Amino acid sequence: MKKILTSLTIAAILATPLVFAKEASSEKQANTAVDFRKAVLQLVRSNMGPLGAMAKGQIDYDADVMTTNSLRIGQLASMMGDYFALDTRKFPVKTDARDIVWEEMDDFKSKTQDLINAAASLQKVAMAKDESNYRKAIGDLGSTCKACHDKFKKD
């Protein structure tokens with residue numbers, strides 16, 4: 001029994017860095033992490049743009065664009081936890097991320113999962129060529145972005 005408890009304790013200690021954010025060890029490392037985060041978020045933005053315009057009727061309905069962009073957004077969202085895992089707060093980096101990201105990483109990851117789920121829902125609507133529900137599906141996707149921005153992004 002003692003060996004099992006010791007093994008579990010060691011496993012918990014070794015797993016801890018996977019649960020909690022790791023701190024950046026240098027300003028260069030912190031800046032690189034911020035650059036990568038910004039790149040992923042810019043790609044999400046570039047894929048949301050046409051979807052938002054479509055939902056507002058500014059561009060024509062296009063199921064192929066919705067399918068492609070929702071797939072991309074889901075893939076990008078699945079990377080966000082990795083790119084935010086490095087805590088850059090102790091260095092003077094230019095970021096719009098609030099400190100609360102690293103204080104409430106579980107909620108941050110939950111919100112990225114919401115984005116993944118909403119992107120998958122939009123993809124289903126797009127693949128079904130369901131013109132009656134695409135605006136709602138795009139709106140649901142946009143709300144997941146807003147929920148994360150409201151809590152984790154500086155104004």
# chains A, B, ... in the order shown; residues from 1 in each chain; ligands from 1
>>> residues_around(residues="A:Arg135", least_positions_apart="6", cutoff="10 Å", atoms="only C-alpha atoms", output="JSON, numbers by chain")
{"A": [51, 52, 54, 55, 56, 57, 61, 122, 125, 141]}
>>> write_last_selection(atoms="C-alpha atoms", output="PDB file, in the first residue's frame")
ATOM      1  CA  LEU A  51     -18.829  34.237 -41.522  1.00  0.00           C
ATOM      2  CA  GLY A  52     -19.890  37.425 -39.758  1.00  0.00           C
ATOM      3  CA  MET A  54     -22.474  36.268 -44.303  1.00  0.00           C
ATOM      4  CA  ALA A  55     -24.640  36.310 -41.175  1.00  0.00           C
ATOM      5  CA  LYS A  56     -25.230  40.053 -41.626  1.00  0.00           C
ATOM      6  CA  GLY A  57     -26.139  39.605 -45.299  1.00  0.00           C
ATOM      7  CA  TYR A  61     -24.549  32.610 -48.355  1.00  0.00           C
ATOM      8  CA  LEU A 122     -21.698  25.381 -37.723  1.00  0.00           C
ATOM      9  CA  VAL A 125     -25.259  23.192 -40.556  1.00  0.00           C
ATOM     10  CA  LEU A 141     -19.954  30.713 -32.787  1.00  0.00           C
TER      11      LEU A 141
END
>>> residues_around(residues="A:Phe91", least_positions_apart="4", cutoff="12 Å", atoms="only C-alpha atoms", output="list in words")
Glu23, Ala24, Ser25, Ser26, Glu27, Lys28, Gln29, Ala30, Asn31, Thr32, Ala33, Val34, Leu86, Asp87, Thr95 and Asp99 of chain A
>>> write_last_selection(atoms="C-alpha atoms", output="compact mmCIF listing (two decimals), in the first residue's frame")
# COMPACT_ATOMS: atom_id res chain seq x y z
CA GLU A 23 6.21 30.31 -16.39
CA ALA A 24 8.28 31.76 -19.20
CA SER A 25 11.96 31.63 -18.33
CA SER A 26 13.08 34.63 -20.39
CA GLU A 27 11.67 37.71 -22.06
CA LYS A 28 12.58 36.22 -25.45
CA GLN A 29 10.59 33.07 -24.68
CA ALA A 30 7.66 35.16 -23.44
CA ASN A 31 7.66 37.34 -26.58
CA THR A 32 7.79 34.27 -28.81
CA ALA A 33 4.82 32.76 -26.96
CA VAL A 34 2.86 36.00 -27.40
CA LEU A 86 3.18 29.45 -21.04
CA ASP A 87 2.56 32.13 -18.41
CA THR A 95 -0.37 41.30 -25.08
CA ASP A 99 -3.64 37.87 -16.15
>>> residues_around(residues="A:Lys146", least_positions_apart="5", cutoff="12 Å", atoms="only C-alpha atoms", output="number ranges by chain")
A: 45, 111-112, 114-115, 139-141, 151-153
>>> write_last_selection(atoms="N, CA, C and O atoms", output="PDB file, in the first residue's frame")
ATOM      1  N   ARG A  45      -9.630  35.125 -36.397  1.00  0.00           N
ATOM      2  CA  ARG A  45     -10.297  36.355 -36.845  1.00  0.00           C
ATOM      3  C   ARG A  45     -10.493  36.364 -38.361  1.00  0.00           C
ATOM      4  O   ARG A  45     -11.562  36.737 -38.859  1.00  0.00           O
ATOM      5  N   LYS A 111     -13.806  27.545 -22.235  1.00  0.00           N
ATOM      6  CA  LYS A 111     -14.298  28.475 -23.258  1.00  0.00           C
ATOM      7  C   LYS A 111     -13.740  28.124 -24.639  1.00  0.00           C
ATOM      8  O   LYS A 111     -14.436  28.280 -25.645  1.00  0.00           O
ATOM      9  N   THR A 112     -12.507  27.640 -24.699  1.00  0.00           N
ATOM     10  CA  THR A 112     -11.985  27.208 -26.003  1.00  0.00           C
ATOM     11  C   THR A 112     -12.724  25.956 -26.474  1.00  0.00           C
ATOM     12  O   THR A 112     -12.951  25.792 -27.669  1.00  0.00           O
ATOM     13  N   ASP A 114     -15.868  25.392 -25.845  1.00  0.00           N
ATOM     14  CA  ASP A 114     -17.132  25.936 -26.344  1.00  0.00           C
ATOM     15  C   ASP A 114     -16.973  26.403 -27.789  1.00  0.00           C
ATOM     16  O   ASP A 114     -17.863  26.203 -28.627  1.00  0.00           O
ATOM     17  N   LEU A 115     -15.842  27.025 -28.088  1.00  0.00           N
ATOM     18  CA  LEU A 115     -15.555  27.478 -29.452  1.00  0.00           C
ATOM     19  C   LEU A 115     -15.446  26.286 -30.402  1.00  0.00           C
ATOM     20  O   LEU A 115     -15.997  26.304 -31.506  1.00  0.00           O
ATOM     21  N   GLY A 139     -23.958  32.990 -35.292  1.00  0.00           N
ATOM     22  CA  GLY A 139     -24.122  33.804 -34.082  1.00  0.00           C
ATOM     23  C   GLY A 139     -23.667  33.062 -32.830  1.00  0.00           C
ATOM     24  O   GLY A 139     -23.026  33.646 -31.948  1.00  0.00           O
ATOM     25  N   ASP A 140     -23.986  31.770 -32.757  1.00  0.00           N
ATOM     26  CA  ASP A 140     -23.548  30.960 -31.612  1.00  0.00           C
ATOM     27  C   ASP A 140     -22.025  30.885 -31.558  1.00  0.00           C
ATOM     28  O   ASP A 140     -21.427  30.971 -30.486  1.00  0.00           O
ATOM     29  N   LEU A 141     -21.415  30.742 -32.720  1.00  0.00           N
ATOM     30  CA  LEU A 141     -19.954  30.713 -32.787  1.00  0.00           C
ATOM     31  C   LEU A 141     -19.386  32.050 -32.316  1.00  0.00           C
ATOM     32  O   LEU A 141     -18.462  32.088 -31.484  1.00  0.00           O
ATOM     33  N   LYS A 151     -14.017  38.023 -20.775  1.00  0.00           N
ATOM     34  CA  LYS A 151     -13.349  37.652 -19.523  1.00  0.00           C
ATOM     35  C   LYS A 151     -11.824  37.728 -19.613  1.00  0.00           C
ATOM     36  O   LYS A 151     -11.172  38.127 -18.646  1.00  0.00           O
ATOM     37  N   PHE A 152     -11.262  37.355 -20.738  1.00  0.00           N
ATOM     38  CA  PHE A 152      -9.821  37.133 -20.798  1.00  0.00           C
ATOM     39  C   PHE A 152      -9.045  38.139 -21.651  1.00  0.00           C
ATOM     40  O   PHE A 152      -7.825  38.098 -21.678  1.00  0.00           O
ATOM     41  N   LYS A 153      -9.727  39.034 -22.339  1.00  0.00           N
ATOM     42  CA  LYS A 153      -9.027  39.994 -23.201  1.00  0.00           C
ATOM     43  C   LYS A 153      -9.143  41.403 -22.630  1.00  0.00           C
ATOM     44  O   LYS A 153     -10.223  41.822 -22.226  1.00  0.00           O
TER      45      LYS A 153
END
>>> select_by_dssp(residues="stretch 19-148 of chain A", states="strand (DSSP E or B)", output="list of chain:residue names")
A:Lys22, A:Glu23, A:Leu86, A:Asp87, A:Ala97
>>> closest_residue(among="A:Ala147, A:Met105, A:Asp155, A:Ala118", to="A:Tyr134", atoms="only C-alpha atoms")
A:Ala118
>>> closest_residue(among="A:Asp150, A:Glu104, A:Glu131, A:Asp96", to="A:Asp35", atoms="only C-alpha atoms")
A:Asp96
>>> residues_around(residues="A:Asp82", least_positions_apart="4", cutoff="10 Å", atoms="only C-alpha atoms", output="PyMOL selection string")
chain A and resi 21+33+37+77-78+86+109
>>> write_last_selection(atoms="N, CA, C and O atoms", output="PDB file, in the first residue's frame")
ATOM      1  N   ALA A  21      -0.055  26.223 -15.632  1.00  0.00           N
ATOM      2  CA  ALA A  21       0.764  26.896 -16.633  1.00  0.00           C
ATOM      3  C   ALA A  21       2.214  26.959 -16.170  1.00  0.00           C
ATOM      4  O   ALA A  21       2.498  27.134 -14.996  1.00  0.00           O
ATOM      5  N   ALA A  33       6.116  33.336 -27.305  1.00  0.00           N
ATOM      6  CA  ALA A  33       4.815  32.764 -26.965  1.00  0.00           C
ATOM      7  C   ALA A  33       3.690  33.720 -27.340  1.00  0.00           C
ATOM      8  O   ALA A  33       2.662  33.299 -27.898  1.00  0.00           O
ATOM      9  N   ARG A  37       0.615  33.138 -29.993  1.00  0.00           N
ATOM     10  CA  ARG A  37      -0.785  33.315 -29.586  1.00  0.00           C
ATOM     11  C   ARG A  37      -1.491  34.282 -30.518  1.00  0.00           C
ATOM     12  O   ARG A  37      -2.613  34.036 -30.963  1.00  0.00           O
ATOM     13  N   ALA A  77      -8.849  26.574 -32.495  1.00  0.00           N
ATOM     14  CA  ALA A  77      -9.292  26.609 -31.098  1.00  0.00           C
ATOM     15  C   ALA A  77      -8.677  25.457 -30.305  1.00  0.00           C
ATOM     16  O   ALA A  77      -8.341  25.617 -29.129  1.00  0.00           O
ATOM     17  N   SER A  78      -8.494  24.327 -30.958  1.00  0.00           N
ATOM     18  CA  SER A  78      -7.912  23.176 -30.257  1.00  0.00           C
ATOM     19  C   SER A  78      -6.445  23.413 -29.892  1.00  0.00           C
ATOM     20  O   SER A  78      -5.900  22.724 -29.039  1.00  0.00           O
ATOM     21  N   LEU A  86       2.014  28.763 -21.585  1.00  0.00           N
ATOM     22  CA  LEU A  86       3.181  29.448 -21.043  1.00  0.00           C
ATOM     23  C   LEU A  86       2.751  30.785 -20.440  1.00  0.00           C
ATOM     24  O   LEU A  86       2.257  31.664 -21.136  1.00  0.00           O
ATOM     25  N   LYS A 109      -9.815  27.079 -20.814  1.00  0.00           N
ATOM     26  CA  LYS A 109      -9.887  25.870 -21.646  1.00  0.00           C
ATOM     27  C   LYS A 109     -11.335  25.470 -21.914  1.00  0.00           C
ATOM     28  O   LYS A 109     -11.654  24.985 -23.001  1.00  0.00           O
TER      29      LYS A 109
END
>>> closest_residue(among="A:Lys136, A:Lys90, A:Lys129, A:Lys22", to="A:Asp62", atoms="only C-alpha atoms")
A:Lys129
>>> closest_residue(among="A:Gly142, A:Asp107, A:Ser70, A:Phe84", to="A:Ala119", atoms="only C-alpha atoms")
A:Ser70
>>> atom_distance(atom1="atom CA of A:Cys145", atom2="atom CA of A:Asn133")
19.1 Å
>>> closest_residue(among="A:Ala137, A:Ile59, A:Asn117, A:Ala128", to="A:Ile73", atoms="only C-alpha atoms")
A:Asn117
>>> select_by_dssp(residues="chain A", states="helix (DSSP H, G or I)", output="MDAnalysis selection string")
chainID A and resid 2:19 27:55 63:83 100:103 105:127 134:152
>>> closest_residue(among="A:Ser110, A:Gln123, A:Ala53, A:Gln58", to="A:Arg72", atoms="only C-alpha atoms")
A:Gln123
>>> atom_distance(atom1="atom CA of A:Asp64", atom2="atom CA of A:Gly81")
27.7 Å
>>> atom_distance(atom1="atom CA of A:Gly74", atom2="atom CA of A:Val44")
8.9 Å
